[in-house]
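Asks: I'm passing along structure_21.txt; it holds compact mmCIF, C-alpha atoms.
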# COMPACT_ATOMS: atom_id res chain seq x y z
CA MET M 1 57.18 101.40 14.99
CA ASP M 2 56.22 101.84 11.35
CA ALA M 3 52.70 101.74 9.98
CA VAL M 4 52.89 98.06 9.03
CA GLU M 5 54.07 97.05 12.50
CA ALA M 6 51.41 99.22 14.10
CA GLU M 7 48.71 97.60 12.02
CA GLU M 8 50.14 94.17 12.83
CA ASP M 9 50.06 95.03 16.53
CA ARG M 10 46.44 96.27 16.36
CA ARG M 11 45.35 93.08 14.65
CA TRP M 12 47.14 90.99 17.20
CA GLN M 13 45.62 92.91 20.11
CA ARG M 14 42.15 92.21 18.72
CA ILE M 15 42.92 88.48 18.53
CA ALA M 16 44.49 88.46 21.99
CA ALA M 17 41.59 90.35 23.58
CA ARG M 18 39.07 87.86 22.20
CA TRP M 19 41.28 85.01 23.27
CA ARG M 20 41.74 86.32 26.84
CA ALA M 21 37.97 86.65 27.15
CA ASP M 22 37.60 83.00 26.12
CA GLU M 23 40.28 81.89 28.56
CA ALA M 24 38.55 83.59 31.47
CA GLY M 25 35.85 80.95 31.15
CA ILE M 26 38.34 78.16 31.82
CA ARG M 27 38.55 77.34 35.50
CA ALA M 28 40.38 74.57 37.23
CA PRO M 29 37.76 71.97 38.22
CA GLN M 30 37.52 71.87 42.00
CA ASN M 31 37.63 68.09 42.15
CA ALA M 32 40.84 68.04 40.10
CA VAL M 33 42.48 70.63 42.38
CA ARG M 34 41.32 68.84 45.51
CA ARG M 35 42.63 65.52 44.20
CA ALA M 36 45.94 67.10 43.22
CA LEU M 37 46.40 68.73 46.62
CA GLN M 38 45.43 65.57 48.41
CA ALA M 39 47.88 63.55 46.33
CA ALA M 40 50.63 66.06 47.04
CA THR M 41 50.11 66.40 50.77
CA VAL M 42 49.33 62.77 51.51
CA GLN M 43 51.78 61.02 49.19
CA CYS M 44 54.68 63.26 50.05
CA ASP M 45 54.04 63.65 53.76
CA PRO M 46 54.72 60.47 55.76
CA VAL M 47 52.96 61.92 58.83
CA ALA M 48 49.82 62.64 56.81
CA ALA M 49 50.05 59.25 55.14
CA ALA M 50 50.37 57.55 58.52
CA ALA M 51 47.43 59.57 59.84
CA THR M 52 45.36 58.49 56.87
CA GLY M 53 46.44 54.88 57.49
CA ARG M 54 45.49 55.14 61.14
CA LEU M 55 42.11 56.59 60.21
CA ARG M 56 41.53 53.67 57.85
CA VAL M 57 42.44 51.16 60.57
CA ALA M 58 40.16 52.91 63.05
CA ALA M 59 37.32 52.95 60.52
CA ALA M 60 37.81 49.24 59.82
CA ALA M 61 37.80 48.46 63.55
CA LEU M 62 34.61 50.46 64.06
CA LEU M 63 32.98 48.67 61.14
CA ALA M 64 34.00 45.27 62.54
CA LEU M 65 32.59 46.23 65.96
CA ALA M 66 29.33 47.38 64.39
CA VAL M 67 29.01 44.10 62.47
CA ALA M 68 29.78 42.08 65.63
CA ILE M 69 27.10 43.96 67.58
CA TRP M 70 24.64 43.46 64.76
CA LEU M 71 25.39 39.69 64.60
CA LEU M 72 25.19 39.23 68.38
CA PRO M 73 21.89 37.46 69.10
CA ALA M 74 19.48 39.42 71.16
CA SER M 75 18.99 36.38 73.43
CA ALA M 76 22.69 35.86 74.15
CA PRO M 77 23.22 35.17 77.82
CA ILE M 78 24.58 37.94 79.91
CA PRO M 79 27.12 36.76 82.51
CA GLY M 80 25.37 36.18 85.82
CA GLU M 81 21.98 35.56 84.22
CA ALA M 82 21.33 31.89 83.44
CA ALA M 83 17.62 32.10 82.74
CA PRO M 84 17.80 32.43 78.90
CA VAL M 85 20.03 29.30 78.70
CA LEU M 86 17.70 27.30 80.87
CA GLN M 87 14.66 28.30 78.87
CA ALA M 88 16.28 26.99 75.69
CA HIS M 89 15.88 23.35 76.80
CA PRO M 90 12.32 22.07 76.62
CA THR M 91 12.74 19.68 79.57
CA ILE M 92 14.53 21.97 81.94
CA HIS M 93 12.54 24.34 84.04
CA ASP M 94 13.77 27.49 85.61
CA ARG M 95 14.97 26.04 88.89
CA TRP M 96 16.33 22.58 88.13
CA LEU M 97 18.78 20.67 85.90
CA PRO M 98 19.51 16.91 85.76
CA ASP M 99 22.93 15.73 86.95
CA GLU M 100 24.00 14.98 83.38
CA PRO M 101 23.03 16.70 80.19
CA CYS M 102 20.48 14.64 78.29
CA GLY M 103 22.45 14.88 75.05
CA ARG M 104 19.29 15.25 73.03
CA TYR M 105 19.40 18.97 72.66
CA SER M 106 22.49 20.95 71.99
CA SER M 107 21.04 23.70 74.09
CA CYS M 108 21.10 21.31 77.07
CA VAL M 109 24.82 20.71 76.65
CA ASP M 110 25.31 24.43 76.25
CA ALA M 111 23.30 25.03 79.40
CA TYR M 112 25.60 22.75 81.41
CA ALA M 113 28.68 24.38 80.04
CA GLU M 114 27.24 27.76 80.81
CA LEU M 115 26.27 26.85 84.35
CA ALA M 116 29.63 25.17 85.01
CA TYR M 117 31.31 28.30 83.85
CA LEU M 118 29.12 30.63 85.81
CA GLU M 119 28.93 28.33 88.85
CA VAL M 120 25.48 29.55 89.57
CA PRO M 121 24.68 28.34 93.08
CA GLY M 122 21.35 26.62 93.89
CA LEU M 123 20.37 25.67 90.39
CA ARG M 124 21.67 22.09 90.44
CA GLY M 125 20.10 18.99 92.07
CA SER M 126 16.76 18.28 93.59
CA MET Q 1 44.40 87.97 54.58
CA LEU Q 2 48.00 86.82 54.73
CA ASP Q 3 50.24 88.14 52.00
CA GLU Q 4 52.17 85.81 49.75
CA ARG Q 5 55.49 86.13 51.58
CA LYS Q 6 53.98 85.05 54.90
CA LEU Q 7 52.18 82.16 53.25
CA VAL Q 8 55.37 81.09 51.51
CA ALA Q 9 57.31 81.24 54.80
CA LYS Q 10 54.70 79.05 56.46
CA ALA Q 11 54.59 76.63 53.54
CA VAL Q 12 58.38 76.35 53.49
CA ALA Q 13 58.25 75.55 57.20
CA GLY Q 14 55.92 72.65 56.41
CA ASN Q 15 52.49 74.21 56.89
CA ARG Q 16 50.22 72.27 54.53
CA ARG Q 17 47.33 74.74 54.75
CA ALA Q 18 49.60 77.58 53.66
CA PHE Q 19 50.79 75.47 50.74
CA GLU Q 20 47.21 74.73 49.72
CA ARG Q 21 46.29 78.41 49.87
CA LEU Q 22 49.23 79.31 47.67
CA ILE Q 23 48.26 76.66 45.13
CA ARG Q 24 44.64 77.79 45.13
CA GLN Q 25 45.72 81.37 44.40
CA CYS Q 26 47.28 80.27 41.10
CA GLN Q 27 45.24 77.17 40.31
CA ASP Q 28 43.22 78.65 37.44
CA ASP Q 29 46.20 80.15 35.61
CA VAL Q 30 48.28 76.99 35.95
CA TYR Q 31 45.33 74.90 34.83
CA ARG Q 32 44.73 77.15 31.78
CA PHE Q 33 48.39 76.99 30.84
CA LEU Q 34 48.53 73.19 31.07
CA PHE Q 35 45.16 72.87 29.36
CA ARG Q 36 46.34 74.82 26.33
CA MET Q 37 49.76 73.21 26.25
CA THR Q 38 48.21 69.75 26.20
CA GLY Q 39 45.94 70.70 23.31
CA SER Q 40 42.84 71.14 25.50
CA ASP Q 41 42.98 67.63 26.91
CA TYR Q 42 40.97 67.60 30.15
CA ASP Q 43 42.22 64.30 31.55
CA LEU Q 44 45.85 64.92 30.75
CA THR Q 45 45.63 68.43 32.21
CA ALA Q 46 44.25 67.04 35.47
CA ASP Q 47 47.09 64.49 35.59
CA LEU Q 48 49.74 67.14 34.94
CA LEU Q 49 48.18 69.46 37.52
CA GLN Q 50 48.45 66.66 40.07
CA GLU Q 51 52.07 65.97 39.15
CA THR Q 52 52.79 69.69 39.43
CA CYS Q 53 51.29 69.84 42.92
CA ILE Q 54 53.24 66.79 44.04
CA ALA Q 55 56.51 68.16 42.66
CA ALA Q 56 55.82 71.58 44.22
CA PHE Q 57 55.07 70.05 47.61
CA GLU Q 58 58.24 67.98 47.47
CA ALA Q 59 60.31 71.03 46.57
CA ILE Q 60 58.63 73.75 48.66
CA GLY Q 61 61.21 73.33 51.44
CA LYS Q 62 63.91 74.43 49.00
CA PHE Q 63 62.00 77.45 47.67
CA ARG Q 64 64.13 80.48 48.51
CA GLY Q 65 61.57 83.11 47.57
CA GLU Q 66 63.77 84.73 44.92
CA SER Q 67 60.80 84.84 42.56
CA ARG Q 68 57.09 84.98 43.13
CA PHE Q 69 55.47 81.67 44.10
CA ARG Q 70 53.40 81.84 40.92
CA THR Q 71 56.53 82.08 38.77
CA TRP Q 72 58.12 79.19 40.63
CA LEU Q 73 54.98 77.06 40.26
CA PHE Q 74 54.71 77.85 36.54
CA GLY Q 75 58.33 76.77 36.15
CA ILE Q 76 57.49 73.42 37.73
CA ALA Q 77 54.35 73.07 35.58
CA THR Q 78 56.41 73.78 32.47
CA ASN Q 79 58.97 71.13 33.42
CA ILE Q 80 56.24 68.60 34.13
CA TYR Q 81 54.61 69.35 30.79
CA ARG Q 82 57.93 69.07 28.95
CA GLN Q 83 58.69 65.76 30.68
CA SER Q 84 55.34 64.44 29.50
CA LEU Q 85 56.24 65.61 25.99
CA ARG Q 86 59.41 63.54 26.19
CA LYS Q 87 57.32 60.58 27.25
CA LYS Q 88 55.28 61.24 24.10
CA THR Q 89 52.10 61.47 26.14
CA VAL Q 90 51.22 64.96 25.00
CA SER Q 91 52.68 64.96 21.53
CA ASP Q 92 50.84 61.83 20.48
CA ARG Q 93 47.54 63.15 21.74
CA GLN Q 94 48.10 66.57 20.22
CA HIS Q 95 48.93 64.95 16.93
CA GLN Q 96 45.68 63.04 17.08
CA LEU Q 97 43.73 66.18 17.90
CA LEU Q 98 45.45 68.21 15.20
CA CYS Q 99 44.98 65.66 12.49
CA GLY Q 100 41.45 64.90 13.55
CA LEU Q 101 40.65 61.58 15.10
CA ARG Q 102 38.43 59.26 13.18
CA SER Q 103 35.04 59.49 14.78
CA GLU Q 104 34.96 55.88 15.93
CA ASN Q 105 38.17 56.45 17.92
CA ALA Q 106 37.21 59.79 19.43
CA THR Q 107 35.64 59.97 22.86
CA ASP Q 108 32.46 62.02 23.29
CA LYS Q 109 34.46 64.64 25.15
CA GLU Q 110 36.93 65.03 22.30
CA VAL Q 111 34.18 65.19 19.68
CA GLU Q 112 32.40 67.87 21.68
CA LEU Q 113 35.66 69.71 22.21
CA ARG Q 114 36.43 69.76 18.51
CA ARG Q 115 32.92 70.89 17.65
CA ARG Q 116 33.25 73.88 19.93
CA GLU Q 117 36.87 74.54 19.18
CA LYS Q 118 37.68 78.12 18.36
CA SER Q 119 39.76 78.63 15.27
CA VAL Q 120 42.37 80.51 17.29
CA GLN Q 121 42.96 77.40 19.40
CA VAL Q 122 43.39 75.24 16.33
CA ALA Q 123 45.91 77.75 14.98
CA PHE Q 124 47.64 77.98 18.36
CA ARG Q 125 48.26 74.25 18.41
CA ALA Q 126 50.02 74.50 15.09
CA LEU Q 127 52.72 76.78 16.54
CA ALA Q 128 56.10 75.45 17.63
CA GLN Q 129 56.20 74.41 21.27
CA GLY Q 130 58.52 77.24 22.32
CA GLN Q 131 56.34 79.84 20.65
CA ARG Q 132 53.21 78.43 22.25
CA GLU Q 133 54.71 78.54 25.73
CA ALA Q 134 56.05 82.08 25.43
CA LEU Q 135 53.02 83.48 23.64
CA TYR Q 136 50.54 82.03 26.10
CA LEU Q 137 52.40 83.06 29.24
CA ARG Q 138 53.20 86.54 27.97
CA GLU Q 139 50.15 87.54 25.97
CA ILE Q 140 47.30 85.55 27.48
CA LEU Q 141 48.23 85.04 31.14
CA GLY Q 142 49.91 88.44 31.29
CA CYS Q 143 53.25 87.34 32.75
CA SER Q 144 56.00 89.92 32.46
CA CYS Q 145 58.85 89.34 30.04
CA ALA Q 146 61.25 88.70 32.94
CA GLU Q 147 58.80 86.32 34.60
CA THR Q 148 58.24 84.40 31.36
CA ALA Q 149 62.00 84.12 30.90
CA VAL Q 150 62.40 82.62 34.40
CA ILE Q 151 59.53 80.19 33.88
CA LEU Q 152 60.81 78.95 30.55
CA GLY Q 153 64.47 79.09 31.51
CA ILE Q 154 65.45 81.31 28.58
CA SER Q 155 66.64 84.89 28.14
CA GLU Q 156 64.27 87.84 27.90
CA SER Q 157 65.36 88.49 24.33
CA SER Q 158 64.44 84.89 23.45
CA VAL Q 159 61.03 85.46 25.01
CA LYS Q 160 60.53 88.58 22.90
CA ASN Q 161 61.68 86.74 19.81
CA ARG Q 162 59.37 83.80 20.36
CA VAL Q 163 56.40 86.01 21.15
CA TYR Q 164 57.02 88.17 18.08
CA HIS Q 165 57.31 85.25 15.67
CA GLY Q 166 54.51 83.37 17.41
CA ARG Q 167 52.14 86.28 16.88
CA ILE Q 168 52.97 86.55 13.19
CA ARG Q 169 52.71 82.81 12.64
CA LEU Q 170 49.40 82.61 14.48
CA ARG Q 171 47.92 85.42 12.42
CA GLN Q 172 49.15 83.83 9.21
CA ILE Q 173 47.53 80.54 10.13
CA LEU Q 174 44.26 82.26 11.01
CA GLU Q 175 44.26 84.13 7.73
CA SER Q 176 45.05 80.93 5.89
CA MET Q 177 42.08 79.26 7.56
CA GLU Q 178 39.78 82.16 6.66
CA ASN Q 179 40.97 82.24 3.08
CA GLN Q 180 40.55 78.56 2.60
CA GLY Q 181 37.22 78.59 4.44
CA ARG Q 182 38.27 75.54 6.33
CA ALA Q 183 37.06 74.63 9.76
CA ARG Q 184 40.44 73.28 10.66
CA TYR Q 185 44.01 74.06 9.85
CA VAL Q 186 46.29 71.13 9.18
CA PRO Q 187 49.95 72.09 9.43
CA ASP Q 188 52.57 70.97 6.96
CA GLY Q 189 53.75 67.44 7.49
CA CYS Q 190 50.75 66.49 9.60
CA CYS Q 191 49.08 63.28 8.50
Take the structure in the file and write it out as structure tokens.
Replies:
Amino acid sequence: MDAVEAEEDRRWQRIAARWRADEAGIRAPQNAVRRALQAATVQCDPVAAAATGRLRVAAAALLALAVAIWLLPASAPIPGEAAPVLQAHPTIHDRWLPDEPCGRYSSCVDAYAELAYLEVPGLRGS
Amino acid sequence: MLDERKLVAKAVAGNRRAFERLIRQCQDDVYRFLFRMTGSDYDLTADLLQETCIAAFEAIGKFRGESRFRTWLFGIATNIYRQSLRKKTVSDRQHQLLCGLRSENATDKEVELRRREKSVQVAFRALAQGQREALYLREILGCSCAETAVILGISESSVKNRVYHGRIRLRQILESMENQGRARYVPDGCC
């Protein structure tokens, strides 16, 4: 290596050293790496994709169940317990119902339907 | 800690965790390489990194372990980057960065990037693509000559040639910038 080449090399090494120091500050952003790995392993792997799909379905089902529970009225009748239905009609007391629903209150009709379904003994008739 | 060969064997057999660990071992170097090749474009680099990971995961079953995983992954990253060049994605953006976007078209990120841009990076972008690839892998990331040749798919003598001429050209551009007292170097034929 002649003197000119040696000088050229020294100058380059100075540039490269400064440059390498700058590059050390560049790191792959974690979110970009995570996204890249996720894309690779999920998109390319049918098992993983299916698992992700199943998880989504399960999450949707859980959400639907939670909404249904939230929408369910607190006073909804529990099978075998007719009292809340009976109390909904202003003319029906706890122990008696007329032979026919009065038709004035929807709750009365509902009460008959409920009782017919439940076949609660001893609640009908005088 | 598992060595690379064991991790590679597991990854080849379909172990996703092993694959992720291998990727994470080289993530910064691959990111730096793509970042510089794309002209310091954050979004494009993230996209190319993702494409590299997908391509690597698809091909890991065929990896025979004849080179280091890092070399193999760099080869994939280089192909992905070159494909994007053919699609004009990178070249158009680099051209915009080199020539200087008009401020109303530049995003905040690009304006900030240019403000902080080191002169060496501006000069680096002005090199020919082949010189940039060889110079960066060999001189900045510290790949061996043989490794660089495998990654770029060229002979070792071509690597040496590109690195040698890339160095000289880069220094000339830097000197030109200093002499002219310019903040930016605009290569011949640009704009």
Asks: Residues of chain Q no more than 8 Å from chain M, counting only C-alpha atoms: send them over as a count of residues only.
Replies: 22
Asks: So how many Å separate atom CA of Ser119 of chain Q and atom CA of Glu178 of chain Q, to one decimal?
Replies: 9.3 Å
Asks: Give me, please, the distance in Å between atom CA of Ala77 of chain Q and atom CA of Thr52 of chain Q, quoted to one decimal.
Replies: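 Atom-to-atom, atom CA of Ala77 of chain Q and atom CA of Thr52 of chain Q are spaced 5.4 Å apart.
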